Amino acid sequence: MTTVAIPPTPIERFNGLAFRVLLDCLARPGKVGHLPPPTFADLPPLPDGTLPNVTAVAAGMSLLDQTVSFVHATGEEWLPVDHPLTRWIALRTNARPAEPSAADFALLHDPAGTALFGELAAGSLLYPERSCTVFLSVPEIVLNGETLCLRGPGIATTATVGLRGVAPTELATIASRPSQFPLGIELFLIDQQGRCLGLPRTTQIEVI
């Protein structure tokens, strides 16, 4: 009897490649990874009529399944359960929309969403793993730029990275995000070109 291997679908291939990039970026803070091109482009628009960052949405969806929950926001407003993009994500991942304080994953469609960090779960001393993983869409990430200085595990001494199009108040919020190990949120920054930066809770961030 011959066993025939079924080749992965395009979305399965994207999810596998994206997972490796995300994991590598989180293990090596300061490294700028490149996510593969998404397999879809038919996203519903945000409330203001603009289209979300397709790569950021696809990367976030690569970690969603029926066992987890999610929220997403534009500006400083969480999008409701009945928003077309919420339904679109839930239908394709089977993940559950949830309240921010209970969500396993959060997708923030623009840097203004950093103001919502405090509403997300940072875990507890008994269950530090019950924290939120955040995908934040930013205009542009610059390798070896001079916006953020990073220190901590996975970094030999320090690492610097540039962020363009992010306001000073938003940068300050990124630097002061919940990160009192073992508590805190894990953060992925993804720009319009598919560049990705991972900021685990163990990374100390200073705005240059």
# chains A, B, ... in the order shown; residues from 1 in each chain; ligands from 1
>>> residues_around(residues="segment 46-60 of chain A", least_positions_apart="4", cutoff="6 Å", atoms="only C-alpha atoms", output="PyMOL selection string")
chain A and resi 38+190+194
>>> residues_around(residues="Ala122 of chain A", least_positions_apart="5", cutoff="9 Å", atoms="only C-alpha atoms", output="list in words")
Ser101, Pro128, Glu129, Arg130, Ser131, Cys132, Pro178, Ser179, Gln180, Leu183, Gly184 and Ile185 of chain A
>>> write_last_selection(atoms="N, CA and C atoms", output="PDB file, in the first residue's frame")
ATOM      1  N   SER A 101      -9.931  41.945  28.765  1.00  0.00           N
ATOM      2  CA  SER A 101      -9.260  41.409  29.950  1.00  0.00           C
ATOM      3  C   SER A 101      -9.140  39.892  29.932  1.00  0.00           C
ATOM      4  N   PRO A 128       1.054  32.778  35.217  1.00  0.00           N
ATOM      5  CA  PRO A 128       1.669  33.825  34.388  1.00  0.00           C
ATOM      6  C   PRO A 128       1.454  33.597  32.899  1.00  0.00           C
ATOM      7  N   GLU A 129       1.179  32.351  32.514  1.00  0.00           N
ATOM      8  CA  GLU A 129       0.965  32.064  31.096  1.00  0.00           C
ATOM      9  C   GLU A 129      -0.370  32.588  30.593  1.00  0.00           C
ATOM     10  N   ARG A 130      -1.238  32.983  31.502  1.00  0.00           N
ATOM     11  CA  ARG A 130      -2.547  33.512  31.096  1.00  0.00           C
ATOM     12  C   ARG A 130      -2.448  35.010  30.807  1.00  0.00           C
ATOM     13  N   SER A 131      -1.567  35.333  29.914  1.00  0.00           N
ATOM     14  CA  SER A 131      -1.362  36.723  29.522  1.00  0.00           C
ATOM     15  C   SER A 131      -1.670  36.871  28.042  1.00  0.00           C
ATOM     16  N   CYS A 132      -1.790  38.088  27.601  1.00  0.00           N
ATOM     17  CA  CYS A 132      -2.169  38.364  26.222  1.00  0.00           C
ATOM     18  C   CYS A 132      -0.922  38.525  25.346  1.00  0.00           C
ATOM     19  N   PRO A 178       3.152  46.437  30.225  1.00  0.00           N
ATOM     20  CA  PRO A 178       3.222  45.485  31.346  1.00  0.00           C
ATOM     21  C   PRO A 178       4.303  44.436  31.099  1.00  0.00           C
ATOM     22  N   SER A 179       5.326  44.393  31.962  1.00  0.00           N
ATOM     23  CA  SER A 179       6.447  43.475  31.726  1.00  0.00           C
ATOM     24  C   SER A 179       7.203  43.153  33.008  1.00  0.00           C
ATOM     25  N   GLN A 180       6.486  42.975  34.102  1.00  0.00           N
ATOM     26  CA  GLN A 180       7.141  42.619  35.354  1.00  0.00           C
ATOM     27  C   GLN A 180       7.216  41.092  35.450  1.00  0.00           C
ATOM     28  N   LEU A 183       5.174  38.213  34.942  1.00  0.00           N
ATOM     29  CA  LEU A 183       3.955  38.772  34.369  1.00  0.00           C
ATOM     30  C   LEU A 183       4.302  39.666  33.182  1.00  0.00           C
ATOM     31  N   GLY A 184       3.303  39.927  32.348  1.00  0.00           N
ATOM     32  CA  GLY A 184       3.520  40.850  31.241  1.00  0.00           C
ATOM     33  C   GLY A 184       2.961  40.330  29.932  1.00  0.00           C
ATOM     34  N   ILE A 185       2.910  41.218  28.953  1.00  0.00           N
ATOM     35  CA  ILE A 185       2.418  40.846  27.632  1.00  0.00           C
ATOM     36  C   ILE A 185       3.596  40.660  26.675  1.00  0.00           C
TER      37      ILE A 185
END
>>> select_by_dssp(residues="segment 42-139 of chain A", states="helix (DSSP H, G or I)", output="VMD selection string")
chain A and resid 54 to 61 84 to 93 100 to 102 111 to 119
>>> closest_atom_pairs(of="segment 27-88 of chain A", to="segment 155-164 of chain A", cutoff="9 Å", atoms="only C-alpha atoms", output="tab-separated table")
residue	atom	partner	partner_atom	distance
A:Arg28	CA	A:Ile155	CA	6.7
A:Pro29	CA	A:Ile155	CA	6.6
A:Gly30	CA	A:Ala159	CA	5.5
A:Lys31	CA	A:Ala159	CA	8.3
A:Val32	CA	A:Val161	CA	8.4
>>> closest_residue(among="A:Thr9, A:Ser124, A:Asn15, A:Asn144", to="Leu63 of chain A", atoms="only C-alpha atoms")
A:Asn15
>>> atom_distance(atom1="atom CA of Pro153 of chain A", atom2="atom CA of Glu140 of chain A")
24.6 Å
>>> select_by_dssp(residues="segment 7-180 of chain A", states="strand (DSSP E)", output="count of residues only")
40
>>> closest_residue(among="A:Thr169, A:Gln193, A:Thr93, A:Ser176", to="Asp65 of chain A", atoms="only C-alpha atoms")
A:Thr93
>>> residues_around(residues="Phe105 of chain A", least_positions_apart="2", cutoff="8 Å", atoms="only C-alpha atoms", output="list in words")
Gly60, Val68, Ser69, Phe70, Val71, Ala103, Leu107, Cys132, Thr133, Val134 and Phe135 of chain A
>>> write_last_selection(atoms="N, CA, C and O atoms", output="short mmCIF file (atom, residue, chain, number, x, y, z; two decimals), in the first residue's frame")
data_model
loop_
_atom_site.label_atom_id
_atom_site.label_comp_id
_atom_site.auth_asym_id
_atom_site.auth_seq_id
_atom_site.Cartn_x
_atom_site.Cartn_y
_atom_site.Cartn_z
N GLY A 60 -1.25 37.34 13.05
CA GLY A 60 -2.04 37.09 14.25
C GLY A 60 -2.93 35.87 14.09
O GLY A 60 -3.03 35.03 14.99
N VAL A 68 -8.59 29.33 21.62
CA VAL A 68 -8.16 30.63 22.14
C VAL A 68 -9.18 31.72 21.78
O VAL A 68 -10.10 31.50 21.00
N SER A 69 -8.97 32.90 22.36
CA SER A 69 -9.86 34.03 22.12
C SER A 69 -9.04 35.24 21.66
O SER A 69 -7.83 35.29 21.83
N PHE A 70 -9.74 36.22 21.10
CA PHE A 70 -9.04 37.40 20.58
C PHE A 70 -9.91 38.64 20.68
O PHE A 70 -11.13 38.57 20.81
N VAL A 71 -9.24 39.79 20.62
CA VAL A 71 -9.88 41.09 20.46
C VAL A 71 -9.06 41.87 19.44
O VAL A 71 -7.91 41.52 19.15
N ALA A 103 -8.86 38.11 26.80
CA ALA A 103 -8.40 37.68 25.48
C ALA A 103 -6.99 37.09 25.54
O ALA A 103 -6.11 37.60 26.22
N LEU A 107 -5.09 42.17 18.48
CA LEU A 107 -4.55 42.77 17.27
C LEU A 107 -4.90 44.26 17.29
O LEU A 107 -6.08 44.63 17.29
N CYS A 132 -1.79 38.09 27.60
CA CYS A 132 -2.17 38.36 26.22
C CYS A 132 -0.92 38.52 25.35
O CYS A 132 0.08 39.11 25.76
N THR A 133 -1.00 38.01 24.14
CA THR A 133 0.02 38.25 23.12
C THR A 133 -0.55 39.27 22.15
O THR A 133 -1.65 39.09 21.63
N VAL A 134 0.20 40.35 21.93
CA VAL A 134 -0.31 41.49 21.17
C VAL A 134 0.42 41.61 19.83
O VAL A 134 1.65 41.54 19.77
N PHE A 135 -0.36 41.81 18.77
CA PHE A 135 0.17 42.14 17.45
C PHE A 135 -0.16 43.60 17.19
O PHE A 135 -1.33 43.98 17.14
#
>>> closest_residue(among="A:Leu150, A:Leu35, A:Leu23, A:Leu64", to="Leu91 of chain A", atoms="only C-alpha atoms")
A:Leu64
>>> residues_around(residues="Pro10 of chain A", least_positions_apart="6", cutoff="12 Å", atoms="only C-alpha atoms", output="list in words")
Gly16, Leu17, Pro36, Pro37, Pro38, Thr39 and Phe40 of chain A
>>> closest_residue(among="A:Phe188, A:Trp78, A:Trp88, A:Phe19", to="Leu120 of chain A", atoms="only C-alpha atoms")
A:Trp78
>>> residues_around(residues="Thr86 of chain A", least_positions_apart="6", cutoff="9 Å", atoms="only C-alpha atoms", output="CSV table (one decimal) with N, CA, C and O atoms, in the first residue's frame")
chain,number,residue,atom,x,y,z
A,71,VAL,N,-9.2,39.8,20.6
A,71,VAL,CA,-9.9,41.1,20.5
A,71,VAL,C,-9.1,41.9,19.4
A,71,VAL,O,-7.9,41.5,19.1
A,72,HIS,N,-9.6,42.9,18.9
A,72,HIS,CA,-8.9,43.8,18.0
A,72,HIS,C,-9.4,45.2,18.1
A,72,HIS,O,-10.6,45.4,18.6
A,79,LEU,N,-13.1,46.9,18.6
A,79,LEU,CA,-14.1,46.6,17.6
A,79,LEU,C,-15.1,45.6,18.1
A,79,LEU,O,-14.7,44.6,18.7
A,80,PRO,N,-16.4,45.8,17.9
A,80,PRO,CA,-17.4,44.9,18.5
A,80,PRO,C,-17.4,43.5,17.8
A,80,PRO,O,-16.9,43.3,16.7
A,97,PRO,N,-14.2,35.7,19.8
A,97,PRO,CA,-14.1,37.1,20.3
A,97,PRO,C,-14.3,37.1,21.8
A,97,PRO,O,-15.2,36.4,22.3
>>> closest_residue(among="A:Leu136, A:Leu85, A:Ile6, A:Leu143", to="Glu170 of chain A", atoms="only C-alpha atoms")
A:Leu136
